[in-house]
Structures are given as C-alpha cells and as structure tokens.
Amino acid sequence: MAASGYLRYVALGDSQTEGLGDGDEGRGLRGWADRLAEQLAQDSPGLLYANLAVRGRLAGQVRAEQLAPALELKPDLATVVAGINDVLRPRFDPDEVAGHLEAAFAALTGQGARVATLTFPDIGRIAPLARPLAPRVVALNARIREAARRHDVVVADSAPHAAVTDPRFWSADRLHASPAGHARIAAAVAHALEVPGSDDSWTRPLPADLSGRTGLRAAGDELRWLGAFLGPWLVRRVRGRSSGDGRRAKRPALLPVTAFAEGAS
C-alpha cells in the first residue's frame, strides 16, 4: 500500500515507541513513532494515529495488553517493536519472545494491516558493560526477521549498520534513543515502508566525534552509568518493579496527527 493510502496508524511497543529520550514528562514525549506519524501525515493529511506503547513492557505484555485494543482500532498500518526488555532479563528465551511478536504480526496482518518492525543494534557498542548480552540480541534479531518473512512484515533492519550505535543517538541512560536517535529510527521505518521522500541516509554515520572519549574518561563514564542508570534498574528488577507500573498508553485513541503535533515540542 502506498504511504498516501494510510488512514489509521497504531503503534505497539515499550518505552522506545512511547518516546522516552525524546522530550520529557512535562512537555510531553515525542519519539520515533510520533515522528513517523508526522511524516506520513504530510502525504495523508487525514491520518489518525494512536500509540499504545508503555515503558517497561515485555513482549508478552505487549501482546497481552496492546494487541486486542490495536485490533479494535482497525489500523491499516501498525508498528510492533518489543523484546529489548526481555533481552535484559536474567531468563531470556528468544523463541518465546519472538513467538509473542509473531502472534501480533499474524493478527494484525490477518486483519489487513501493513505491519512494520525493527531489529535491534548491538547494545554492547552502546554500553560496553552490556557486551555479554550481544548474542541475545543477535538471536532475537534472527527470529524477528524469520517471523517477519512468514507474515510479509516490513523490517527496518538497523542491526547491520554501525552508525546507529553512535553514542550521540542515545540518551544518557544508553537504553533509550536521544532525539536524534528517535529521528533516525523514524527515518529507518519510513525508508522500509517506502514513504515518499525517505531514503537510506539513516544508515550513514555522523561526522567524526573528536571529543576524545578515551582512557580514564571512558572508564569514568562507564562507572557513572553503572551507578546512575544500571544500578537503579537492577534494583527495580530485584524488587519485581517496572518503570511502567501504573502507567497507561499516552495516546490510546486514534486522533489527528495535527492535534498531536500542536501539543508536542
């Protein structure tokens, strides 16, 4: 389907799709899905957009909590991006995680929606202390691609492109994209969907960073990240808590994109 034909776009997922790292709680979160909706609306002024994503959600929770409401909205375009929270858990089964994603792919495409998803970058290049998790990401990406092929789902395959791991595309917590990173994700999905005006520029690196983050400075950055972000995240996991506890989708109903854009920064 041509991008100009989309009338109802629904985004499912976790914190990345909700928009963490792009905006704040006071001004409102924007995020890659919102940015994609804005780009689509340039060719489809009547586009309606809903975002059901909630931070902290595992792939199984996205399926259990967001799939039925998404189907009720009868989207002709849906994005389904989840699984990285599962990768970070002690118990991780790539087949189980991909199974939840595939169930969403099957249900949405079975209802006639065009569906798009993402693969995940090498998180060890973003946060060196997370390098032991890299094989998990590789395994999940492989299964996402396989499930997508079975259901004719569009894949914005970010994993092969080293440019997406540039620290400037990630917020200080290294778990969520920065505004520039969210813009890149939106560009990647738009390109995969062949949205008019999109291209492969999202795969190209930024100009060299000459800030000189090496040696002791780099080690200090890792220690600060461990104390400020990874440590508190691990404490929440031990206590059985999630950053999404008690939270609801920021945009559960289909609304005109213009109405959203006017209230966003």
# chains A, B, ... in the order shown; residues from 1 in each chain; ligands from 1
>>> select_by_dssp(residues="range 107-232 of chain A", states="alpha helix (DSSP H)", output="number ranges by chain")
A: 107-110, 123-126, 134-150, 179-192, 215-225, 231-232
>>> write_last_selection(atoms="N, CA and C atoms", output="compact mmCIF listing (two decimals), in the first residue's frame")
# COMPACT_ATOMS: atom_id res chain seq x y z
N ALA A 107 -1.88 -11.54 13.75
CA ALA A 107 -3.21 -10.99 14.00
C ALA A 107 -3.43 -9.70 13.22
N LEU A 108 -2.44 -8.84 13.20
CA LEU A 108 -2.60 -7.55 12.54
C LEU A 108 -2.61 -7.69 11.02
N THR A 109 -1.68 -8.48 10.47
CA THR A 109 -1.70 -8.68 9.03
C THR A 109 -2.94 -9.46 8.60
N GLY A 110 -3.39 -10.37 9.47
CA GLY A 110 -4.59 -11.13 9.16
C GLY A 110 -5.83 -10.27 9.06
N ILE A 123 23.93 -3.77 21.44
CA ILE A 123 23.92 -2.93 22.64
C ILE A 123 25.28 -2.89 23.31
N GLY A 124 26.15 -3.84 23.00
CA GLY A 124 27.49 -3.80 23.55
C GLY A 124 28.31 -2.64 23.01
N ARG A 125 27.97 -2.14 21.84
CA ARG A 125 28.66 -0.97 21.28
C ARG A 125 28.12 0.32 21.88
N ILE A 126 26.92 0.26 22.44
CA ILE A 126 26.32 1.43 23.06
C ILE A 126 26.72 1.52 24.53
N ALA A 134 25.12 -9.27 23.91
CA ALA A 134 25.10 -9.15 22.45
C ALA A 134 24.60 -10.42 21.76
N PRO A 135 25.00 -11.63 22.18
CA PRO A 135 24.47 -12.83 21.50
C PRO A 135 22.95 -12.95 21.62
N ARG A 136 22.39 -12.46 22.70
CA ARG A 136 20.93 -12.49 22.84
C ARG A 136 20.27 -11.62 21.78
N VAL A 137 20.84 -10.44 21.55
CA VAL A 137 20.28 -9.53 20.55
C VAL A 137 20.38 -10.15 19.16
N VAL A 138 21.50 -10.77 18.86
CA VAL A 138 21.68 -11.43 17.57
C VAL A 138 20.62 -12.52 17.38
N ALA A 139 20.40 -13.32 18.43
CA ALA A 139 19.42 -14.41 18.34
C ALA A 139 18.01 -13.86 18.15
N LEU A 140 17.67 -12.81 18.88
CA LEU A 140 16.33 -12.24 18.75
C LEU A 140 16.13 -11.63 17.37
N ASN A 141 17.14 -10.91 16.89
CA ASN A 141 17.02 -10.30 15.55
C ASN A 141 16.78 -11.34 14.47
N ALA A 142 17.49 -12.46 14.57
CA ALA A 142 17.32 -13.52 13.57
C ALA A 142 15.88 -14.03 13.57
N ARG A 143 15.31 -14.18 14.74
CA ARG A 143 13.94 -14.70 14.83
C ARG A 143 12.91 -13.65 14.40
N ILE A 144 13.21 -12.40 14.66
CA ILE A 144 12.32 -11.33 14.19
C ILE A 144 12.26 -11.34 12.66
N ARG A 145 13.42 -11.45 12.03
CA ARG A 145 13.46 -11.48 10.56
C ARG A 145 12.67 -12.67 10.02
N GLU A 146 12.85 -13.84 10.65
CA GLU A 146 12.14 -15.03 10.20
C GLU A 146 10.63 -14.87 10.34
N ALA A 147 10.18 -14.39 11.49
CA ALA A 147 8.75 -14.20 11.71
C ALA A 147 8.19 -13.17 10.74
N ALA A 148 8.96 -12.11 10.50
CA ALA A 148 8.50 -11.07 9.58
C ALA A 148 8.33 -11.62 8.17
N ARG A 149 9.25 -12.47 7.73
CA ARG A 149 9.13 -13.06 6.39
C ARG A 149 7.86 -13.91 6.27
N ARG A 150 7.54 -14.63 7.33
CA ARG A 150 6.37 -15.50 7.27
C ARG A 150 5.07 -14.72 7.15
N PRO A 179 16.83 12.41 21.02
CA PRO A 179 16.00 12.96 19.94
C PRO A 179 16.56 12.66 18.55
N ALA A 180 17.88 12.78 18.39
CA ALA A 180 18.48 12.46 17.09
C ALA A 180 18.32 10.98 16.77
N GLY A 181 18.41 10.14 17.79
CA GLY A 181 18.22 8.71 17.59
C GLY A 181 16.81 8.36 17.20
N HIS A 182 15.85 8.99 17.86
CA HIS A 182 14.44 8.76 17.51
C HIS A 182 14.18 9.20 16.07
N ALA A 183 14.80 10.30 15.67
CA ALA A 183 14.64 10.75 14.29
C ALA A 183 15.20 9.71 13.32
N ARG A 184 16.33 9.09 13.68
CA ARG A 184 16.92 8.04 12.83
C ARG A 184 16.01 6.82 12.74
N ILE A 185 15.43 6.41 13.87
CA ILE A 185 14.54 5.26 13.85
C ILE A 185 13.34 5.53 12.95
N ALA A 186 12.76 6.71 13.10
CA ALA A 186 11.62 7.08 12.25
C ALA A 186 12.02 7.05 10.78
N ALA A 187 13.22 7.55 10.48
CA ALA A 187 13.69 7.55 9.09
C ALA A 187 13.89 6.12 8.58
N ALA A 188 14.37 5.24 9.46
CA ALA A 188 14.58 3.85 9.06
C ALA A 188 13.26 3.17 8.73
N VAL A 189 12.26 3.38 9.56
CA VAL A 189 10.96 2.75 9.32
C VAL A 189 10.30 3.35 8.08
N ALA A 190 10.41 4.67 7.93
CA ALA A 190 9.85 5.31 6.74
C ALA A 190 10.49 4.76 5.47
N HIS A 191 11.80 4.57 5.51
CA HIS A 191 12.51 4.03 4.35
C HIS A 191 12.06 2.60 4.05
N ALA A 192 11.91 1.78 5.12
CA ALA A 192 11.45 0.40 4.92
C ALA A 192 10.05 0.36 4.33
N GLY A 215 40.40 6.25 27.39
CA GLY A 215 41.14 6.04 28.63
C GLY A 215 40.34 6.25 29.88
N LEU A 216 40.89 7.06 30.79
CA LEU A 216 40.26 7.27 32.09
C LEU A 216 38.89 7.91 31.97
N ARG A 217 38.74 8.79 31.00
CA ARG A 217 37.43 9.44 30.83
C ARG A 217 36.37 8.41 30.47
N ALA A 218 36.71 7.51 29.56
CA ALA A 218 35.75 6.48 29.16
C ALA A 218 35.42 5.58 30.34
N ALA A 219 36.44 5.19 31.10
CA ALA A 219 36.20 4.34 32.27
C ALA A 219 35.32 5.05 33.28
N GLY A 220 35.56 6.34 33.47
CA GLY A 220 34.73 7.10 34.41
C GLY A 220 33.29 7.19 33.95
N ASP A 221 33.10 7.34 32.64
CA ASP A 221 31.74 7.38 32.09
C ASP A 221 31.02 6.06 32.37
N GLU A 222 31.74 4.94 32.24
CA GLU A 222 31.12 3.64 32.49
C GLU A 222 30.70 3.51 33.94
N LEU A 223 31.55 3.94 34.85
CA LEU A 223 31.24 3.84 36.28
C LEU A 223 30.05 4.73 36.64
N ARG A 224 30.00 5.92 36.06
CA ARG A 224 28.87 6.81 36.34
C ARG A 224 27.57 6.22 35.80
N TRP A 225 27.65 5.62 34.62
CA TRP A 225 26.46 4.98 34.04
C TRP A 225 25.99 3.82 34.91
N GLY A 231 22.47 0.46 37.92
CA GLY A 231 22.23 0.06 39.31
C GLY A 231 20.77 0.20 39.71
N PRO A 232 20.17 1.37 39.55
CA PRO A 232 18.75 1.52 39.89
C PRO A 232 17.84 0.59 39.09
>>> residues_around(residues="Ala177 in chain A", least_positions_apart="4", cutoff="10 Å", atoms="only C-alpha atoms", output="count of residues only")
22
>>> atom_distance(atom1="CA of Ala253 in chain A", atom2="CA of Ile84 in chain A")
25.4 Å
>>> closest_residue(among="A:Leu193, A:Ala33, A:Leu71, A:Leu88", to="Arg114 in chain A", atoms="only C-alpha atoms")
A:Leu193
>>> closest_residue(among="A:Val257, A:Ala78, A:Leu12, A:Ala64", to="Asn51 in chain A", atoms="only C-alpha atoms")
A:Leu12
>>> select_by_dssp(residues="range 17-86 of chain A", states="strand (DSSP E)", output="list in words")
Gly23, Asp24, Gly28, Leu29, Leu48, Tyr49, Ala50, Asn51, Leu77, Ala78, Thr79, Val80 and Val81 of chain A
>>> decode(residues="range 137-171 of chain A", atoms="N, CA, C and O atoms", output="PDB file, in the first residue's frame")
ATOM      1  N   VAL A 137      20.842 -10.442  21.546  1.00  0.00           N
ATOM      2  CA  VAL A 137      20.281  -9.531  20.548  1.00  0.00           C
ATOM      3  C   VAL A 137      20.376 -10.152  19.163  1.00  0.00           C
ATOM      4  O   VAL A 137      19.426 -10.085  18.372  1.00  0.00           O
ATOM      5  N   VAL A 138      21.503 -10.774  18.862  1.00  0.00           N
ATOM      6  CA  VAL A 138      21.675 -11.432  17.567  1.00  0.00           C
ATOM      7  C   VAL A 138      20.619 -12.522  17.378  1.00  0.00           C
ATOM      8  O   VAL A 138      19.990 -12.643  16.319  1.00  0.00           O
ATOM      9  N   ALA A 139      20.404 -13.319  18.428  1.00  0.00           N
ATOM     10  CA  ALA A 139      19.420 -14.407  18.344  1.00  0.00           C
ATOM     11  C   ALA A 139      18.009 -13.860  18.148  1.00  0.00           C
ATOM     12  O   ALA A 139      17.232 -14.394  17.341  1.00  0.00           O
ATOM     13  N   LEU A 140      17.671 -12.810  18.881  1.00  0.00           N
ATOM     14  CA  LEU A 140      16.330 -12.242  18.749  1.00  0.00           C
ATOM     15  C   LEU A 140      16.135 -11.626  17.369  1.00  0.00           C
ATOM     16  O   LEU A 140      15.087 -11.813  16.735  1.00  0.00           O
ATOM     17  N   ASN A 141      17.141 -10.905  16.885  1.00  0.00           N
ATOM     18  CA  ASN A 141      17.024 -10.296  15.554  1.00  0.00           C
ATOM     19  C   ASN A 141      16.785 -11.345  14.472  1.00  0.00           C
ATOM     20  O   ASN A 141      15.974 -11.144  13.557  1.00  0.00           O
ATOM     21  N   ALA A 142      17.490 -12.463  14.570  1.00  0.00           N
ATOM     22  CA  ALA A 142      17.317 -13.523  13.566  1.00  0.00           C
ATOM     23  C   ALA A 142      15.884 -14.035  13.568  1.00  0.00           C
ATOM     24  O   ALA A 142      15.289 -14.267  12.508  1.00  0.00           O
ATOM     25  N   ARG A 143      15.309 -14.181  14.736  1.00  0.00           N
ATOM     26  CA  ARG A 143      13.945 -14.698  14.830  1.00  0.00           C
ATOM     27  C   ARG A 143      12.913 -13.650  14.403  1.00  0.00           C
ATOM     28  O   ARG A 143      11.868 -13.997  13.839  1.00  0.00           O
ATOM     29  N   ILE A 144      13.211 -12.396  14.657  1.00  0.00           N
ATOM     30  CA  ILE A 144      12.319 -11.332  14.187  1.00  0.00           C
ATOM     31  C   ILE A 144      12.264 -11.337  12.658  1.00  0.00           C
ATOM     32  O   ILE A 144      11.190 -11.245  12.056  1.00  0.00           O
ATOM     33  N   ARG A 145      13.424 -11.453  12.026  1.00  0.00           N
ATOM     34  CA  ARG A 145      13.457 -11.481  10.564  1.00  0.00           C
ATOM     35  C   ARG A 145      12.670 -12.673  10.022  1.00  0.00           C
ATOM     36  O   ARG A 145      11.929 -12.554   9.039  1.00  0.00           O
ATOM     37  N   GLU A 146      12.847 -13.837  10.654  1.00  0.00           N
ATOM     38  CA  GLU A 146      12.142 -15.034  10.200  1.00  0.00           C
ATOM     39  C   GLU A 146      10.626 -14.873  10.338  1.00  0.00           C
ATOM     40  O   GLU A 146       9.866 -15.193   9.416  1.00  0.00           O
ATOM     41  N   ALA A 147      10.183 -14.388  11.491  1.00  0.00           N
ATOM     42  CA  ALA A 147       8.748 -14.203  11.711  1.00  0.00           C
ATOM     43  C   ALA A 147       8.185 -13.172  10.744  1.00  0.00           C
ATOM     44  O   ALA A 147       7.072 -13.318  10.225  1.00  0.00           O
ATOM     45  N   ALA A 148       8.957 -12.111  10.497  1.00  0.00           N
ATOM     46  CA  ALA A 148       8.504 -11.069   9.578  1.00  0.00           C
ATOM     47  C   ALA A 148       8.326 -11.625   8.170  1.00  0.00           C
ATOM     48  O   ALA A 148       7.343 -11.304   7.484  1.00  0.00           O
ATOM     49  N   ARG A 149       9.254 -12.471   7.733  1.00  0.00           N
ATOM     50  CA  ARG A 149       9.133 -13.062   6.395  1.00  0.00           C
ATOM     51  C   ARG A 149       7.864 -13.908   6.272  1.00  0.00           C
ATOM     52  O   ARG A 149       7.192 -13.891   5.235  1.00  0.00           O
ATOM     53  N   ARG A 150       7.543 -14.625   7.329  1.00  0.00           N
ATOM     54  CA  ARG A 150       6.369 -15.501   7.266  1.00  0.00           C
ATOM     55  C   ARG A 150       5.065 -14.717   7.152  1.00  0.00           C
ATOM     56  O   ARG A 150       4.058 -15.251   6.677  1.00  0.00           O
ATOM     57  N   HIS A 151       5.061 -13.464   7.579  1.00  0.00           N
ATOM     58  CA  HIS A 151       3.809 -12.697   7.599  1.00  0.00           C
ATOM     59  C   HIS A 151       3.880 -11.425   6.749  1.00  0.00           C
ATOM     60  O   HIS A 151       3.024 -10.554   6.887  1.00  0.00           O
ATOM     61  N   ASP A 152       4.886 -11.342   5.880  1.00  0.00           N
ATOM     62  CA  ASP A 152       5.028 -10.196   4.993  1.00  0.00           C
ATOM     63  C   ASP A 152       5.081  -8.890   5.773  1.00  0.00           C
ATOM     64  O   ASP A 152       4.450  -7.892   5.410  1.00  0.00           O
ATOM     65  N   VAL A 153       5.835  -8.919   6.864  1.00  0.00           N
ATOM     66  CA  VAL A 153       6.022  -7.734   7.702  1.00  0.00           C
ATOM     67  C   VAL A 153       7.271  -6.994   7.243  1.00  0.00           C
ATOM     68  O   VAL A 153       8.310  -7.603   6.964  1.00  0.00           O
ATOM     69  N   VAL A 154       7.177  -5.684   7.162  1.00  0.00           N
ATOM     70  CA  VAL A 154       8.298  -4.842   6.760  1.00  0.00           C
ATOM     71  C   VAL A 154       9.288  -4.741   7.928  1.00  0.00           C
ATOM     72  O   VAL A 154       8.883  -4.490   9.067  1.00  0.00           O
ATOM     73  N   VAL A 155      10.571  -4.928   7.637  1.00  0.00           N
ATOM     74  CA  VAL A 155      11.600  -4.845   8.674  1.00  0.00           C
ATOM     75  C   VAL A 155      12.545  -3.688   8.391  1.00  0.00           C
ATOM     76  O   VAL A 155      13.184  -3.646   7.329  1.00  0.00           O
ATOM     77  N   ALA A 156      12.632  -2.756   9.329  1.00  0.00           N
ATOM     78  CA  ALA A 156      13.677  -1.735   9.295  1.00  0.00           C
ATOM     79  C   ALA A 156      14.879  -2.357   9.999  1.00  0.00           C
ATOM     80  O   ALA A 156      14.940  -2.406  11.223  1.00  0.00           O
ATOM     81  N   ASP A 157      15.805  -2.873   9.223  1.00  0.00           N
ATOM     82  CA  ASP A 157      16.888  -3.702   9.760  1.00  0.00           C
ATOM     83  C   ASP A 157      18.063  -2.822  10.172  1.00  0.00           C
ATOM     84  O   ASP A 157      19.008  -2.600   9.410  1.00  0.00           O
ATOM     85  N   SER A 158      18.014  -2.350  11.397  1.00  0.00           N
ATOM     86  CA  SER A 158      19.060  -1.448  11.877  1.00  0.00           C
ATOM     87  C   SER A 158      20.331  -2.190  12.296  1.00  0.00           C
ATOM     88  O   SER A 158      21.414  -1.608  12.315  1.00  0.00           O
ATOM     89  N   ALA A 159      20.192  -3.472  12.629  1.00  0.00           N
ATOM     90  CA  ALA A 159      21.303  -4.210  13.234  1.00  0.00           C
ATOM     91  C   ALA A 159      22.601  -4.176  12.424  1.00  0.00           C
ATOM     92  O   ALA A 159      23.680  -4.045  13.015  1.00  0.00           O
ATOM     93  N   PRO A 160      22.572  -4.298  11.089  1.00  0.00           N
ATOM     94  CA  PRO A 160      23.847  -4.333  10.349  1.00  0.00           C
ATOM     95  C   PRO A 160      24.569  -2.993  10.259  1.00  0.00           C
ATOM     96  O   PRO A 160      25.707  -2.944   9.774  1.00  0.00           O
ATOM     97  N   HIS A 161      23.952  -1.919  10.690  1.00  0.00           N
ATOM     98  CA  HIS A 161      24.505  -0.586  10.455  1.00  0.00           C
ATOM     99  C   HIS A 161      25.138  -0.025  11.732  1.00  0.00           C
ATOM    100  O   HIS A 161      24.440   0.355  12.682  1.00  0.00           O
ATOM    101  N   ALA A 162      26.463   0.045  11.742  1.00  0.00           N
ATOM    102  CA  ALA A 162      27.184   0.515  12.923  1.00  0.00           C
ATOM    103  C   ALA A 162      26.832   1.954  13.281  1.00  0.00           C
ATOM    104  O   ALA A 162      26.936   2.353  14.445  1.00  0.00           O
ATOM    105  N   ALA A 163      26.384   2.724  12.300  1.00  0.00           N
ATOM    106  CA  ALA A 163      26.089   4.134  12.562  1.00  0.00           C
ATOM    107  C   ALA A 163      25.041   4.314  13.653  1.00  0.00           C
ATOM    108  O   ALA A 163      25.079   5.293  14.403  1.00  0.00           O
ATOM    109  N   VAL A 164      24.117   3.361  13.778  1.00  0.00           N
ATOM    110  CA  VAL A 164      23.036   3.537  14.747  1.00  0.00           C
ATOM    111  C   VAL A 164      23.503   3.369  16.184  1.00  0.00           C
ATOM    112  O   VAL A 164      22.761   3.676  17.115  1.00  0.00           O
ATOM    113  N   THR A 165      24.741   2.883  16.388  1.00  0.00           N
ATOM    114  CA  THR A 165      25.255   2.749  17.747  1.00  0.00           C
ATOM    115  C   THR A 165      26.084   3.956  18.175  1.00  0.00           C
ATOM    116  O   THR A 165      26.661   3.955  19.262  1.00  0.00           O
ATOM    117  N   ASP A 166      26.147   4.966  17.355  1.00  0.00           N
ATOM    118  CA  ASP A 166      26.850   6.203  17.722  1.00  0.00           C
ATOM    119  C   ASP A 166      26.260   6.731  19.036  1.00  0.00           C
ATOM    120  O   ASP A 166      25.047   6.881  19.151  1.00  0.00           O
ATOM    121  N   PRO A 167      27.090   7.014  20.042  1.00  0.00           N
ATOM    122  CA  PRO A 167      26.567   7.491  21.333  1.00  0.00           C
ATOM    123  C   PRO A 167      25.676   8.721  21.221  1.00  0.00           C
ATOM    124  O   PRO A 167      24.811   8.943  22.074  1.00  0.00           O
ATOM    125  N   ARG A 168      25.862   9.511  20.172  1.00  0.00           N
ATOM    126  CA  ARG A 168      25.051  10.721  20.010  1.00  0.00           C
ATOM    127  C   ARG A 168      23.601  10.397  19.670  1.00  0.00           C
ATOM    128  O   ARG A 168      22.735  11.260  19.750  1.00  0.00           O
ATOM    129  N   PHE A 169      23.335   9.155  19.289  1.00  0.00           N
ATOM    130  CA  PHE A 169      21.959   8.739  19.015  1.00  0.00           C
ATOM    131  C   PHE A 169      21.282   8.145  20.242  1.00  0.00           C
ATOM    132  O   PHE A 169      20.142   7.676  20.151  1.00  0.00           O
ATOM    133  N   TRP A 170      21.969   8.167  21.391  1.00  0.00           N
ATOM    134  CA  TRP A 170      21.434   7.546  22.593  1.00  0.00           C
ATOM    135  C   TRP A 170      21.454   8.517  23.757  1.00  0.00           C
ATOM    136  O   TRP A 170      22.352   9.351  23.874  1.00  0.00           O
ATOM    137  N   SER A 171      20.450   8.415  24.597  1.00  0.00           N
ATOM    138  CA  SER A 171      20.367   9.288  25.765  1.00  0.00           C
ATOM    139  C   SER A 171      21.378   8.844  26.818  1.00  0.00           C
ATOM    140  O   SER A 171      22.049   7.813  26.667  1.00  0.00           O
TER     141      SER A 171
END
